[in-house]
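What's in final_12.txt: compact mmCIF, C-alpha atoms
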# COMPACT_ATOMS: atom_id res chain seq x y z
CA MET A 1 -17.34 -96.51 -36.54
CA ARG A 2 -20.87 -95.91 -35.28
CA LYS A 3 -21.30 -96.04 -31.52
CA ILE A 4 -23.99 -98.33 -30.10
CA ALA A 5 -25.25 -98.35 -26.53
CA TRP A 6 -26.92 -101.43 -25.08
CA VAL A 7 -29.67 -101.17 -22.45
CA THR A 8 -30.62 -104.32 -20.56
CA ASP A 9 -31.73 -105.48 -17.12
CA SER A 10 -30.26 -107.50 -14.27
CA THR A 11 -31.57 -110.81 -15.64
CA SER A 12 -28.71 -110.59 -18.18
CA THR A 13 -26.27 -111.63 -15.39
CA LEU A 14 -23.53 -109.51 -16.98
CA ASP A 15 -20.54 -108.52 -14.90
CA PRO A 16 -20.96 -104.80 -14.06
CA LEU A 17 -17.33 -103.93 -14.89
CA PHE A 18 -17.55 -105.70 -18.26
CA ALA A 19 -20.80 -103.87 -18.97
CA GLU A 20 -19.27 -100.50 -18.13
CA GLN A 21 -16.30 -101.15 -20.41
CA ASN A 22 -18.54 -102.17 -23.33
CA HIS A 23 -21.26 -99.48 -23.25
CA VAL A 24 -23.86 -101.81 -21.73
CA TYR A 25 -26.24 -100.17 -19.24
CA ILE A 26 -27.97 -102.47 -16.74
CA VAL A 27 -31.19 -101.44 -15.02
CA PRO A 28 -31.94 -103.77 -12.06
CA LEU A 29 -35.24 -105.49 -11.39
CA ARG A 30 -36.64 -105.19 -7.88
CA ILE A 31 -36.86 -107.86 -5.20
CA VAL A 32 -39.61 -107.27 -2.64
CA PHE A 33 -39.89 -108.83 0.84
CA GLY A 34 -43.01 -107.40 2.43
CA GLU A 35 -42.30 -103.67 2.76
CA GLU A 36 -38.61 -104.00 1.88
CA CYS A 37 -37.51 -103.41 -1.72
CA TYR A 38 -34.05 -104.23 -3.10
CA ARG A 39 -32.41 -103.63 -6.47
CA GLU A 40 -31.45 -107.04 -7.78
CA THR A 41 -27.67 -107.72 -7.77
CA GLU A 42 -26.99 -104.26 -6.27
CA ASP A 43 -28.65 -104.02 -2.86
CA ILE A 44 -28.79 -107.68 -1.83
CA SER A 45 -26.33 -110.57 -2.09
CA SER A 46 -27.41 -114.05 -3.18
CA GLU A 47 -26.61 -115.39 0.29
CA LEU A 48 -28.79 -112.82 2.04
CA PHE A 49 -31.52 -113.24 -0.55
CA TYR A 50 -31.89 -116.99 0.06
CA GLU A 51 -31.74 -116.48 3.82
CA LYS A 52 -34.64 -114.03 3.56
CA LEU A 53 -36.52 -116.20 1.05
CA GLU A 54 -36.46 -119.18 3.41
CA GLY A 55 -38.17 -117.19 6.13
CA SER A 56 -40.58 -115.15 4.01
CA SER A 57 -44.00 -115.93 2.56
CA ARG A 58 -44.29 -112.53 0.87
CA ALA A 59 -41.42 -112.50 -1.59
CA SER A 60 -42.09 -111.04 -5.03
CA SER A 61 -40.36 -109.24 -7.88
CA SER A 62 -41.16 -106.20 -9.99
CA GLN A 63 -39.81 -104.47 -13.05
CA PRO A 64 -37.70 -101.31 -12.71
CA PRO A 65 -39.61 -98.02 -12.35
CA ILE A 66 -40.05 -96.13 -15.61
CA GLY A 67 -38.34 -93.07 -14.14
CA GLU A 68 -35.08 -94.96 -13.89
CA PHE A 69 -35.22 -95.81 -17.59
CA ILE A 70 -36.15 -92.24 -18.54
CA GLU A 71 -33.18 -90.91 -16.59
CA LEU A 72 -30.88 -93.38 -18.32
CA TYR A 73 -32.10 -92.55 -21.81
CA GLU A 74 -31.81 -88.83 -21.12
CA SER A 75 -28.19 -89.38 -20.16
CA LEU A 76 -27.48 -91.35 -23.35
CA LYS A 77 -28.79 -88.63 -25.68
CA GLY A 78 -26.12 -87.41 -28.05
CA GLN A 79 -23.53 -89.92 -26.83
CA TYR A 80 -24.42 -92.74 -29.24
CA ASP A 81 -25.50 -93.18 -32.84
CA GLU A 82 -27.89 -96.04 -31.97
CA ILE A 83 -29.30 -97.74 -28.88
CA ILE A 84 -30.29 -101.40 -28.62
CA THR A 85 -32.61 -102.25 -25.74
CA ILE A 86 -32.83 -105.96 -24.98
CA HIS A 87 -34.59 -107.41 -21.96
CA CYS A 88 -36.05 -110.52 -20.36
CA SER A 89 -39.06 -112.18 -21.98
CA THR A 90 -42.10 -109.95 -22.43
CA ALA A 91 -44.27 -112.98 -21.62
CA LEU A 92 -42.83 -112.94 -18.08
CA SER A 93 -42.12 -109.25 -17.44
CA GLY A 94 -43.16 -105.83 -18.68
CA THR A 95 -39.58 -104.56 -18.49
CA LEU A 96 -39.06 -104.25 -22.26
CA HIS A 97 -42.31 -102.35 -22.74
CA THR A 98 -41.41 -99.99 -19.89
CA SER A 99 -37.97 -99.44 -21.41
CA MET A 100 -39.49 -98.63 -24.82
CA GLN A 101 -42.04 -96.27 -23.28
CA ALA A 102 -39.29 -94.48 -21.37
CA ALA A 103 -37.22 -94.09 -24.56
CA GLU A 104 -40.22 -92.51 -26.29
CA ILE A 105 -40.75 -90.09 -23.39
CA ALA A 106 -37.05 -89.18 -23.47
CA GLY A 107 -37.20 -88.62 -27.22
CA VAL A 108 -34.73 -91.39 -28.02
CA THR A 109 -35.02 -93.90 -30.87
CA VAL A 110 -34.18 -97.48 -29.88
CA THR A 111 -34.00 -100.88 -31.55
CA ALA A 112 -35.96 -103.16 -29.21
CA ILE A 113 -35.40 -106.91 -28.83
CA ASP A 114 -37.47 -109.36 -26.82
CA SER A 115 -34.97 -112.04 -25.75
CA ARG A 116 -37.84 -114.44 -24.92
CA ALA A 117 -35.70 -115.63 -22.02
CA GLY A 118 -33.25 -114.28 -19.46
CA ALA A 119 -30.09 -115.41 -17.67
CA TYR A 120 -27.52 -117.25 -19.83
CA PRO A 121 -29.20 -116.87 -23.25
CA LEU A 122 -29.78 -113.14 -22.72
CA ARG A 123 -26.15 -112.73 -21.73
CA GLU A 124 -25.04 -114.63 -24.84
CA MET A 125 -27.19 -112.46 -27.10
CA ILE A 126 -25.46 -109.36 -25.79
CA LEU A 127 -21.98 -110.89 -25.92
CA GLN A 128 -22.52 -112.07 -29.49
CA GLY A 129 -23.93 -108.67 -30.43
CA LEU A 130 -20.83 -106.96 -29.07
CA GLU A 131 -18.65 -109.38 -31.02
CA TRP A 132 -20.53 -108.60 -34.24
CA GLN A 133 -19.92 -104.92 -33.57
CA LYS A 134 -16.18 -105.56 -33.36
CA GLN A 135 -16.39 -107.35 -36.70
CA GLY A 136 -17.80 -104.21 -38.30
CA HIS A 137 -21.56 -104.79 -38.06
CA THR A 138 -22.53 -101.41 -36.65
CA ALA A 139 -26.17 -101.15 -37.72
CA ALA A 140 -28.53 -102.00 -34.86
CA ALA A 141 -31.11 -103.49 -37.24
CA GLU A 142 -28.50 -105.88 -38.65
CA ILE A 143 -27.39 -106.95 -35.17
CA LYS A 144 -31.03 -107.55 -34.23
CA LEU A 145 -31.38 -110.02 -37.11
CA HIS A 146 -28.36 -111.96 -35.84
CA ILE A 147 -29.76 -112.04 -32.31
CA GLU A 148 -33.13 -113.27 -33.54
CA GLN A 149 -31.32 -116.27 -35.01
CA ILE A 150 -29.96 -117.05 -31.54
CA ILE A 151 -33.48 -116.83 -30.11
CA ASP A 152 -34.76 -119.29 -32.74
CA ASN A 153 -31.98 -121.77 -31.91
CA MET A 154 -32.19 -121.58 -28.11
CA SER A 155 -33.20 -124.48 -25.84
CA PHE A 156 -33.86 -123.68 -22.18
CA TYR A 157 -35.14 -126.27 -19.67
CA LEU A 158 -35.91 -125.99 -15.96
CA ILE A 159 -36.68 -128.37 -13.12
CA PRO A 160 -38.26 -126.16 -10.44
CA ALA A 161 -37.53 -127.07 -6.85
CA SER A 162 -40.85 -125.83 -5.56
CA LEU A 163 -44.24 -125.76 -7.26
CA GLN A 164 -45.41 -123.80 -4.23
CA HIS A 165 -43.46 -120.78 -5.45
CA LEU A 166 -44.74 -121.20 -9.00
CA HIS A 167 -48.28 -121.41 -7.63
CA ARG A 168 -47.84 -118.15 -5.72
CA SER A 169 -46.71 -116.40 -8.90
CA GLY A 170 -49.68 -117.78 -10.86
CA ARG A 171 -47.63 -120.08 -13.11
CA VAL A 172 -49.02 -123.34 -11.63
CA SER A 173 -52.68 -123.89 -10.75
CA GLY A 174 -53.87 -125.03 -7.33
CA THR A 175 -54.95 -128.37 -8.81
CA GLN A 176 -51.52 -128.95 -10.37
CA LEU A 177 -49.89 -128.09 -7.05
CA ILE A 178 -52.00 -130.55 -5.04
CA LEU A 179 -51.59 -133.38 -7.56
CA SER A 180 -47.83 -132.90 -7.74
CA GLN A 181 -47.60 -133.05 -3.94
CA LEU A 182 -49.74 -136.18 -3.72
CA LEU A 183 -48.03 -138.03 -6.56
CA LYS A 184 -44.54 -136.58 -5.98
CA ILE A 185 -44.41 -135.34 -9.56
CA HIS A 186 -41.57 -133.18 -10.84
CA LEU A 187 -42.16 -130.81 -13.75
CA LEU A 188 -39.70 -130.45 -16.60
CA LEU A 189 -40.34 -126.94 -17.92
CA ARG A 190 -39.10 -125.28 -21.09
CA PHE A 191 -39.14 -121.83 -22.63
CA GLU A 192 -41.41 -121.67 -25.68
CA GLU A 193 -42.05 -118.37 -27.47
CA GLY A 194 -40.92 -116.59 -24.32
CA LYS A 195 -43.33 -118.45 -22.05
CA VAL A 196 -42.49 -121.14 -19.51
CA VAL A 197 -44.52 -124.24 -20.38
CA VAL A 198 -44.69 -127.77 -18.99
CA ASN A 199 -42.65 -130.10 -21.17
CA GLU A 200 -43.24 -133.28 -19.14
CA LYS A 201 -44.51 -134.46 -15.75
CA ILE A 202 -42.09 -136.98 -14.27
CA ARG A 203 -42.30 -139.04 -11.09
CA THR A 204 -38.78 -138.50 -9.70
CA PHE A 205 -36.18 -135.75 -9.80
CA LYS A 206 -33.58 -138.23 -11.06
CA ARG A 207 -35.74 -139.12 -14.05
CA ALA A 208 -36.56 -135.48 -14.75
CA LYS A 209 -32.86 -134.67 -14.77
CA GLN A 210 -32.09 -137.60 -17.07
CA ARG A 211 -34.84 -136.52 -19.44
CA MET A 212 -33.30 -133.05 -19.61
CA LEU A 213 -29.95 -134.61 -20.50
CA ASP A 214 -31.61 -136.82 -23.12
CA VAL A 215 -33.00 -133.73 -24.85
CA LEU A 216 -29.50 -132.23 -24.87
CA LYS A 217 -28.12 -135.41 -26.47
CA VAL A 218 -30.53 -135.00 -29.39
CA ASP A 219 -28.90 -131.64 -30.19
CA MET A 220 -25.33 -132.71 -29.44
CA GLY A 221 -24.22 -132.42 -33.07
CA LYS A 222 -25.15 -128.74 -33.15
CA VAL A 223 -24.00 -127.63 -29.70
CA LYS A 224 -20.57 -126.68 -28.40
CA HIS A 225 -21.42 -124.90 -25.15
CA VAL A 226 -23.92 -125.74 -22.40
CA CYS A 227 -24.82 -123.68 -19.34
CA ILE A 228 -25.97 -125.35 -16.12
CA MET A 229 -27.92 -122.88 -13.99
CA HIS A 230 -28.97 -123.27 -10.38
CA ALA A 231 -30.81 -121.42 -7.63
CA ASN A 232 -28.57 -121.91 -4.59
CA ASN A 233 -27.88 -125.53 -5.58
CA GLN A 234 -24.21 -125.60 -6.53
CA GLU A 235 -23.79 -129.24 -5.49
CA GLU A 236 -26.41 -130.52 -7.96
CA ALA A 237 -25.02 -128.26 -10.70
CA VAL A 238 -21.57 -129.81 -10.23
CA THR A 239 -23.10 -133.29 -10.42
CA ILE A 240 -24.83 -132.45 -13.72
CA LYS A 241 -21.60 -130.96 -15.06
CA GLN A 242 -19.87 -134.29 -14.42
CA GLN A 243 -22.73 -136.24 -16.00
CA ILE A 244 -22.46 -134.12 -19.15
CA ALA A 245 -18.68 -134.62 -19.19
CA ASP A 246 -19.22 -138.39 -19.03
CA LEU A 247 -21.91 -138.40 -21.72
CA LEU A 248 -20.58 -135.71 -24.04
CA PRO A 249 -16.92 -135.05 -23.19
CA ARG A 250 -16.32 -132.63 -26.08
CA LEU A 251 -18.92 -130.15 -24.83
CA LYS A 252 -17.80 -127.05 -22.97
CA THR A 253 -19.86 -126.56 -19.82
CA GLU A 254 -20.40 -123.58 -17.54
CA ILE A 255 -22.12 -123.28 -14.17
CA MET A 256 -24.09 -120.09 -13.57
CA PRO A 257 -26.09 -119.13 -10.46
CA PHE A 258 -29.62 -117.98 -11.25
CA ILE A 259 -30.49 -114.41 -10.41
CA PRO A 260 -32.72 -113.98 -7.31
CA VAL A 261 -35.86 -113.42 -9.43
CA VAL A 262 -35.74 -117.08 -10.50
CA GLY A 263 -35.43 -118.15 -6.87
CA ILE A 264 -38.60 -116.21 -6.05
CA HIS A 265 -40.70 -117.87 -8.74
CA ALA A 266 -39.20 -121.38 -8.92
CA GLY A 267 -37.71 -121.82 -5.45
CA ALA A 268 -34.25 -122.40 -4.05
CA GLY A 269 -32.78 -125.59 -5.48
CA THR A 270 -34.11 -125.10 -9.01
CA ILE A 271 -31.88 -126.44 -11.79
CA GLY A 272 -31.76 -125.30 -15.41
CA LEU A 273 -29.96 -126.27 -18.59
CA CYS A 274 -29.56 -124.07 -21.66
CA TRP A 275 -27.80 -124.35 -24.99
CA ILE A 276 -27.83 -122.62 -28.37
CA ARG A 277 -27.73 -124.66 -31.56
CA SER A 278 -25.31 -123.72 -34.31
CA GLU A 279 -24.90 -124.99 -37.84
CA THR A 280 -21.14 -124.33 -37.70
CA VAL A 281 -20.27 -126.76 -34.89
Have the structure of the file written as structure tokens, please.
Amino acid sequence: MRKIAWVTDSTSTLDPLFAEQNHVYIVPLRIVFGEECYRETEDISSELFYEKLEGSSRASSSQPPIGEFIELYESLKGQYDEIITIHCSTALSGTLHTSMQAAEIAGVTVTAIDSRAGAYPLREMILQGLEWQKQGHTAAAEIKLHIEQIIDNMSFYLIPASLQHLHRSGRVSGTQLILSQLLKIHLLLRFEEGKVVVNEKIRTFKRAKQRMLDVLKVDMGKVKHVCIMHANNQEEAVTIKQQIADLLPRLKTEIMPFIPVVGIHAGAGTIGLCWIRSETV
């Protein structure tokens, strides 16, 4: 059987031990507080991250340095028949392009995939890819086709806790920020072609949350698993989990903390909902 290595980043939220056991190599994004730089998920805990975020006005994130990718690809030479590199959306980060450039410098051929997302859906793409490998699909190009079907059937919605953070990162204009503060508007965001776009502007958080659940109900006949994601807001995630159980009791639900990068751009308290449609439900 052909050996395949997977290269991804910390937005995949994969357990490090699982990754190690399944030939998945995770390169962490960077979290920056002023002059301090941390490797996401490795150098800073979620608890410490949110403590620092609350008291900092200079928090930002950056992609991994190209040298780290080059070193990784050099180490993978000769060990594997093929390498799949799959990363967070290219519309939000240059990580995939850096990974591909590093592979070229190292003289390694890779099959590159733009997940057009991050977090739960990126994790699922890798987990499904590994499952297809076990079933005998050992050509990277074939696995990529399967993963692209997941991307086409993904729904990912967010209710950001703070437009201030989105404004700092350039994802919300100053006018939108001021109007939302004056009118107490909450944005329901969604991933579309890898970009985060405004789905609706809603007057209360309760209504925004209900609208997100209404969208899920439309797909209920094609969904068997839903992930509730949160940025340091476990209490609200548990509430949504119960609401889904009341509305759609057959659905399997999972609660997943967002990686720190999401907290930087959307703010602590942000809630997300993601599911992948399937014709076989």
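Residues in contact with Gln242 in chain A at 12 Å, where only C-alpha atoms are counted and same-chain residues fewer than 2 positions away are skipped, are listed as Leu213, Ile228, Glu235, Glu236, Ala237, Val238, Thr239, Ile240, Ile244, Ala245, Asp246, Leu247, Leu248, Pro249, Leu251, Lys252, Thr253, Glu254 and Ile255 of chain A.
Across the model, the gap from CA of Arg2 in chain A to CA of Pro65 in chain A is 29.7 Å.
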Find the residues around Ala139 in chain A up to 12 Å (only C-alpha atoms counted), leave out those fewer than 3 positions away in its own chain, and share them as a list in words.
Met1, Arg2, Lys3, Ile4, Ala5, Asp81, Glu82, Ile83, Ile84, Val110, Thr111, Gly129, Leu130, Trp132, Gln133, Lys134, Gln135, Gly136, Glu142, Ile143, Lys144, Leu145 and His146 of chain A
Take the residues just selected and output them with C-alpha atoms as an mmCIF file, in the coordinates of the input.
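Final output, out09.cif:
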data_model
loop_
_atom_site.group_PDB
_atom_site.id
_atom_site.type_symbol
_atom_site.label_atom_id
_atom_site.label_comp_id
_atom_site.auth_asym_id
_atom_site.auth_seq_id
_atom_site.Cartn_x
_atom_site.Cartn_y
_atom_site.Cartn_z
ATOM 1 C CA MET A 1 -17.340 -96.510 -36.540
ATOM 2 C CA ARG A 2 -20.870 -95.910 -35.280
ATOM 3 C CA LYS A 3 -21.300 -96.040 -31.520
ATOM 4 C CA ILE A 4 -23.990 -98.330 -30.100
ATOM 5 C CA ALA A 5 -25.250 -98.350 -26.530
ATOM 6 C CA ASP A 81 -25.500 -93.180 -32.840
ATOM 7 C CA GLU A 82 -27.890 -96.040 -31.970
ATOM 8 C CA ILE A 83 -29.300 -97.740 -28.880
ATOM 9 C CA ILE A 84 -30.290 -101.400 -28.620
ATOM 10 C CA VAL A 110 -34.180 -97.480 -29.880
ATOM 11 C CA THR A 111 -34.000 -100.880 -31.550
ATOM 12 C CA GLY A 129 -23.930 -108.670 -30.430
ATOM 13 C CA LEU A 130 -20.830 -106.960 -29.070
ATOM 14 C CA TRP A 132 -20.530 -108.600 -34.240
ATOM 15 C CA GLN A 133 -19.920 -104.920 -33.570
ATOM 16 C CA LYS A 134 -16.180 -105.560 -33.360
ATOM 17 C CA GLN A 135 -16.390 -107.350 -36.700
ATOM 18 C CA GLY A 136 -17.800 -104.210 -38.300
ATOM 19 C CA GLU A 142 -28.500 -105.880 -38.650
ATOM 20 C CA ILE A 143 -27.390 -106.950 -35.170
ATOM 21 C CA LYS A 144 -31.030 -107.550 -34.230
ATOM 22 C CA LEU A 145 -31.380 -110.020 -37.110
ATOM 23 C CA HIS A 146 -28.360 -111.960 -35.840
#
Considering all atoms listed in the file, give me a table of residues in range 48-115 of chain A that are at most 8 Å from range 29-44 of chain A, with the closest atom pair and distance in Å for each, as JSON lines.
{"residue": "A:Leu48", "atom": "CA", "partner": "A:Ile44", "partner_atom": "CA", "distance": 6.4}
{"residue": "A:Phe49", "atom": "CA", "partner": "A:Ile44", "partner_atom": "CA", "distance": 6.3}
{"residue": "A:Lys52", "atom": "CA", "partner": "A:Phe33", "partner_atom": "CA", "distance": 7.9}
{"residue": "A:Ser56", "atom": "CA", "partner": "A:Phe33", "partner_atom": "CA", "distance": 7.1}
{"residue": "A:Arg58", "atom": "CA", "partner": "A:Gly34", "partner_atom": "CA", "distance": 5.5}
{"residue": "A:Ala59", "atom": "CA", "partner": "A:Phe33", "partner_atom": "CA", "distance": 4.7}
{"residue": "A:Ser60", "atom": "CA", "partner": "A:Val32", "partner_atom": "CA", "distance": 5.1}
{"residue": "A:Ser61", "atom": "CA", "partner": "A:Ile31", "partner_atom": "CA", "distance": 4.6}
{"residue": "A:Ser62", "atom": "CA", "partner": "A:Arg30", "partner_atom": "CA", "distance": 5.1}
{"residue": "A:Gln63", "atom": "CA", "partner": "A:Leu29", "partner_atom": "CA", "distance": 5.0}
{"residue": "A:Pro64", "atom": "CA", "partner": "A:Leu29", "partner_atom": "CA", "distance": 5.0}
Compile a residue-level contact table for range 79-151 of chain A against range 191-198 of chain A at a cut-off of 8 Å, reporting for every qualifying residue the shortest atom pair and its distance in Å to one decimal, with only C-alpha atoms counted, rows ordered by chain and ascending number, as CSV.
residue,atom,partner,partner_atom,distance
A:Ser89,CA,A:Gly194,CA,5.3
A:Thr90,CA,A:Gly194,CA,7.0
A:Ala91,CA,A:Lys195,CA,5.6
A:Leu92,CA,A:Lys195,CA,6.8
A:Ser115,CA,A:Gly194,CA,7.6
A:Arg116,CA,A:Gly194,CA,3.8
A:Ala117,CA,A:Gly194,CA,5.8
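One finds CA of Asp114 in chain A at 21.3 Å from CA of Tyr80 in chain A.
Candidate residues A:Ile276, A:Ala161, A:Ile70, A:Ile259 were compared for distance to Gly221 in chain A, and the nearest is A:Ile276, using all atoms listed in the file.
One distance worth recording is that between CA of Thr270 in chain A and CA of Val24 in chain A, which is 28.4 Å.
Minimum atom-to-atom distance to Gly272 in chain A, evaluated using all atoms listed in the file, belongs to A:Ile159 out of A:Ile151, A:Ile66, A:Ala141, A:Ile159.
Minimum atom-to-atom distances from A:Ser99, A:Thr204, A:Ser155, A:Gln210 to Cys274 in chain A were compared using all atoms listed in the file, and the lowest value belongs to A:Ser155.
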To test the calculation: enclose all listed atoms of range 118-124 of chain A in a box whose edges run along x, y and z, add 5 Å on each side, then state centre and edge lengths in Å to one decimal, as JSON.
{"center_x": -29.1, "center_y": -115.0, "center_z": -21.3, "size_x": 18.2, "size_y": 14.5, "size_z": 17.2}
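Shortest atom-to-atom contact with Ala266 in chain A among A:Leu187, A:Leu122, A:Ile86, A:Cys227: A:Leu187, counting only C-alpha atoms.
The closest residue to Asp214 in chain A, picked from A:Leu53, A:Ala231, A:Ile147, A:Leu273 and counting only C-alpha atoms, is A:Leu273.
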